[in-house]
Amino acid sequence: MSGIVVPDRTAFQYIIRLLNTNIDGKRNVQYAMTAIKGIGPRYSNLVLKKADVDLTKRAGELTNDELERVVTIMQNPRQYKIPDWFLNRQKDIKDGKYSQAVANQLDNKLREDLERLKKIRAHRGLRHYWGVKVRGQHTKTTGRRGRQIANKKK
């Protein structure tokens, strides 16, 4: 007996591992895919239609072939004629390309963007560095819960 267990794809899978994310196999396939960071319901719907996957299926019923097609389309959306305005990473600051950032890639891109803003000492970058509100909200009376308040006199 070997230590590697290869799941039988004819059987229902309750948890699917896709793009470093656990996906609930009991959910409808369109909404199960939204568990992956960077993929919302509309993008999921579009990708599944491009991959010719039945939208009434549960995520656990998908075959390996269908899952591979879905992942390929998610990672290379422009090759499958998904419009540029649908993508979450438009005109990347470094290479000027359009892409869909998903899972770990999305976290990396966000971190790189914030590091760039801090490095050039932009106002937005400084506010991120200081840990205060970035988008122009009032801070005099709101947003105090996350911060440490000085000890009160007794």
# chains A, B, ... in the order shown; residues from 1 in each chain; ligands from 1

$ select_by_dssp --residues "stretch 33-92 of chain A" --states "alpha helix (DSSP H)" --output "PyMOL selection string"
chain A and resi 41-50+64-75

$ residues_around --residues "stretch 46-52 of chain A" --least-positions-apart "6" --cutoff "12 Å" --atoms "only C-alpha atoms" --output "PyMOL selection string"
chain A and resi 28-34+39-40+59+62+65-83+86-87+100

$ closest_residue --among "A:Thr56, A:Asp95, A:Lys37, A:Arg111" --to "A:Asn22" --atoms "only C-alpha atoms"
A:Lys37

$ closest_residue --among "A:Ile16, A:Arg144, A:Lys57, A:Gly96" --to "A:Val132" --atoms "only C-alpha atoms"
A:Arg144

$ residues_around --residues "A:Lys133" --least-positions-apart "2" --cutoff "12 Å" --atoms "only C-alpha atoms" --output "PyMOL selection string"
chain A and resi 123-131+135-140+142-144+146-147

$ write_last_selection --atoms "N, CA, C and O atoms" --output "PDB file, in the first residue's frame"
ATOM      1  N   HIS A 123       1.340  60.366  -0.261  1.00  0.00           N
ATOM      2  CA  HIS A 123       0.444  60.599   0.875  1.00  0.00           C
ATOM      3  C   HIS A 123      -0.262  59.312   1.279  1.00  0.00           C
ATOM      4  O   HIS A 123      -0.347  58.968   2.456  1.00  0.00           O
ATOM      5  N   ARG A 124      -0.776  58.573   0.281  1.00  0.00           N
ATOM      6  CA  ARG A 124      -1.466  57.313   0.539  1.00  0.00           C
ATOM      7  C   ARG A 124      -0.534  56.304   1.213  1.00  0.00           C
ATOM      8  O   ARG A 124      -0.942  55.583   2.142  1.00  0.00           O
ATOM      9  N   GLY A 125       0.692  56.236   0.761  1.00  0.00           N
ATOM     10  CA  GLY A 125       1.657  55.312   1.341  1.00  0.00           C
ATOM     11  C   GLY A 125       1.987  55.657   2.778  1.00  0.00           C
ATOM     12  O   GLY A 125       2.110  54.774   3.632  1.00  0.00           O
ATOM     13  N   LEU A 126       2.130  56.947   3.055  1.00  0.00           N
ATOM     14  CA  LEU A 126       2.417  57.382   4.420  1.00  0.00           C
ATOM     15  C   LEU A 126       1.266  57.060   5.354  1.00  0.00           C
ATOM     16  O   LEU A 126       1.479  56.624   6.481  1.00  0.00           O
ATOM     17  N   ARG A 127       0.041  57.263   4.886  1.00  0.00           N
ATOM     18  CA  ARG A 127      -1.130  56.966   5.733  1.00  0.00           C
ATOM     19  C   ARG A 127      -1.210  55.469   6.013  1.00  0.00           C
ATOM     20  O   ARG A 127      -1.563  55.071   7.131  1.00  0.00           O
ATOM     21  N   HIS A 128      -0.870  54.644   5.029  1.00  0.00           N
ATOM     22  CA  HIS A 128      -0.816  53.196   5.274  1.00  0.00           C
ATOM     23  C   HIS A 128       0.252  52.882   6.316  1.00  0.00           C
ATOM     24  O   HIS A 128       0.032  52.074   7.222  1.00  0.00           O
ATOM     25  N   TYR A 129       1.396  53.525   6.197  1.00  0.00           N
ATOM     26  CA  TYR A 129       2.502  53.292   7.109  1.00  0.00           C
ATOM     27  C   TYR A 129       2.111  53.681   8.542  1.00  0.00           C
ATOM     28  O   TYR A 129       2.446  52.980   9.501  1.00  0.00           O
ATOM     29  N   TRP A 130       1.439  54.812   8.691  1.00  0.00           N
ATOM     30  CA  TRP A 130       1.026  55.282  10.015  1.00  0.00           C
ATOM     31  C   TRP A 130      -0.143  54.500  10.585  1.00  0.00           C
ATOM     32  O   TRP A 130      -0.450  54.596  11.774  1.00  0.00           O
ATOM     33  N   GLY A 131      -0.866  53.772   9.728  1.00  0.00           N
ATOM     34  CA  GLY A 131      -2.004  52.989  10.192  1.00  0.00           C
ATOM     35  C   GLY A 131      -3.248  53.813  10.436  1.00  0.00           C
ATOM     36  O   GLY A 131      -4.052  53.487  11.307  1.00  0.00           O
ATOM     37  N   ARG A 135      -8.534  56.967   2.848  1.00  0.00           N
ATOM     38  CA  ARG A 135      -9.388  57.495   1.782  1.00  0.00           C
ATOM     39  C   ARG A 135     -10.175  58.749   2.155  1.00  0.00           C
ATOM     40  O   ARG A 135     -11.288  58.953   1.688  1.00  0.00           O
ATOM     41  N   GLY A 136      -9.634  59.566   3.021  1.00  0.00           N
ATOM     42  CA  GLY A 136     -10.248  60.861   3.286  1.00  0.00           C
ATOM     43  C   GLY A 136     -11.327  60.871   4.350  1.00  0.00           C
ATOM     44  O   GLY A 136     -12.037  61.859   4.499  1.00  0.00           O
ATOM     45  N   GLN A 137     -11.469  59.776   5.102  1.00  0.00           N
ATOM     46  CA  GLN A 137     -12.488  59.748   6.139  1.00  0.00           C
ATOM     47  C   GLN A 137     -12.067  60.624   7.317  1.00  0.00           C
ATOM     48  O   GLN A 137     -10.879  60.873   7.523  1.00  0.00           O
ATOM     49  N   HIS A 138     -13.064  61.060   8.091  1.00  0.00           N
ATOM     50  CA  HIS A 138     -12.776  61.826   9.295  1.00  0.00           C
ATOM     51  C   HIS A 138     -12.224  60.876  10.349  1.00  0.00           C
ATOM     52  O   HIS A 138     -12.675  59.743  10.462  1.00  0.00           O
ATOM     53  N   THR A 139     -11.264  61.355  11.127  1.00  0.00           N
ATOM     54  CA  THR A 139     -10.629  60.474  12.120  1.00  0.00           C
ATOM     55  C   THR A 139     -10.686  61.029  13.544  1.00  0.00           C
ATOM     56  O   THR A 139     -10.166  60.409  14.455  1.00  0.00           O
ATOM     57  N   LYS A 140     -11.313  62.195  13.712  1.00  0.00           N
ATOM     58  CA  LYS A 140     -11.322  62.800  15.049  1.00  0.00           C
ATOM     59  C   LYS A 140     -12.071  61.914  16.055  1.00  0.00           C
ATOM     60  O   LYS A 140     -11.579  61.703  17.170  1.00  0.00           O
ATOM     61  N   THR A 142     -13.988  58.843  14.952  1.00  0.00           N
ATOM     62  CA  THR A 142     -14.272  57.477  14.516  1.00  0.00           C
ATOM     63  C   THR A 142     -12.995  56.691  14.291  1.00  0.00           C
ATOM     64  O   THR A 142     -11.910  57.252  14.221  1.00  0.00           O
ATOM     65  N   GLY A 143     -13.139  55.374  14.197  1.00  0.00           N
ATOM     66  CA  GLY A 143     -12.016  54.510  13.900  1.00  0.00           C
ATOM     67  C   GLY A 143     -11.049  54.343  15.041  1.00  0.00           C
ATOM     68  O   GLY A 143      -9.849  54.196  14.834  1.00  0.00           O
ATOM     69  N   ARG A 144     -11.540  54.346  16.275  1.00  0.00           N
ATOM     70  CA  ARG A 144     -10.640  54.238  17.428  1.00  0.00           C
ATOM     71  C   ARG A 144     -10.498  52.805  17.936  1.00  0.00           C
ATOM     72  O   ARG A 144      -9.626  52.529  18.737  1.00  0.00           O
ATOM     73  N   GLY A 146      -9.509  49.899  16.730  1.00  0.00           N
ATOM     74  CA  GLY A 146      -8.340  49.089  16.452  1.00  0.00           C
ATOM     75  C   GLY A 146      -7.061  49.604  17.071  1.00  0.00           C
ATOM     76  O   GLY A 146      -6.060  48.911  17.123  1.00  0.00           O
ATOM     77  N   ARG A 147      -7.081  50.823  17.572  1.00  0.00           N
ATOM     78  CA  ARG A 147      -5.842  51.422  18.063  1.00  0.00           C
ATOM     79  C   ARG A 147      -5.754  51.323  19.581  1.00  0.00           C
ATOM     80  O   ARG A 147      -6.752  51.283  20.292  1.00  0.00           O
TER      81      ARG A 147
END
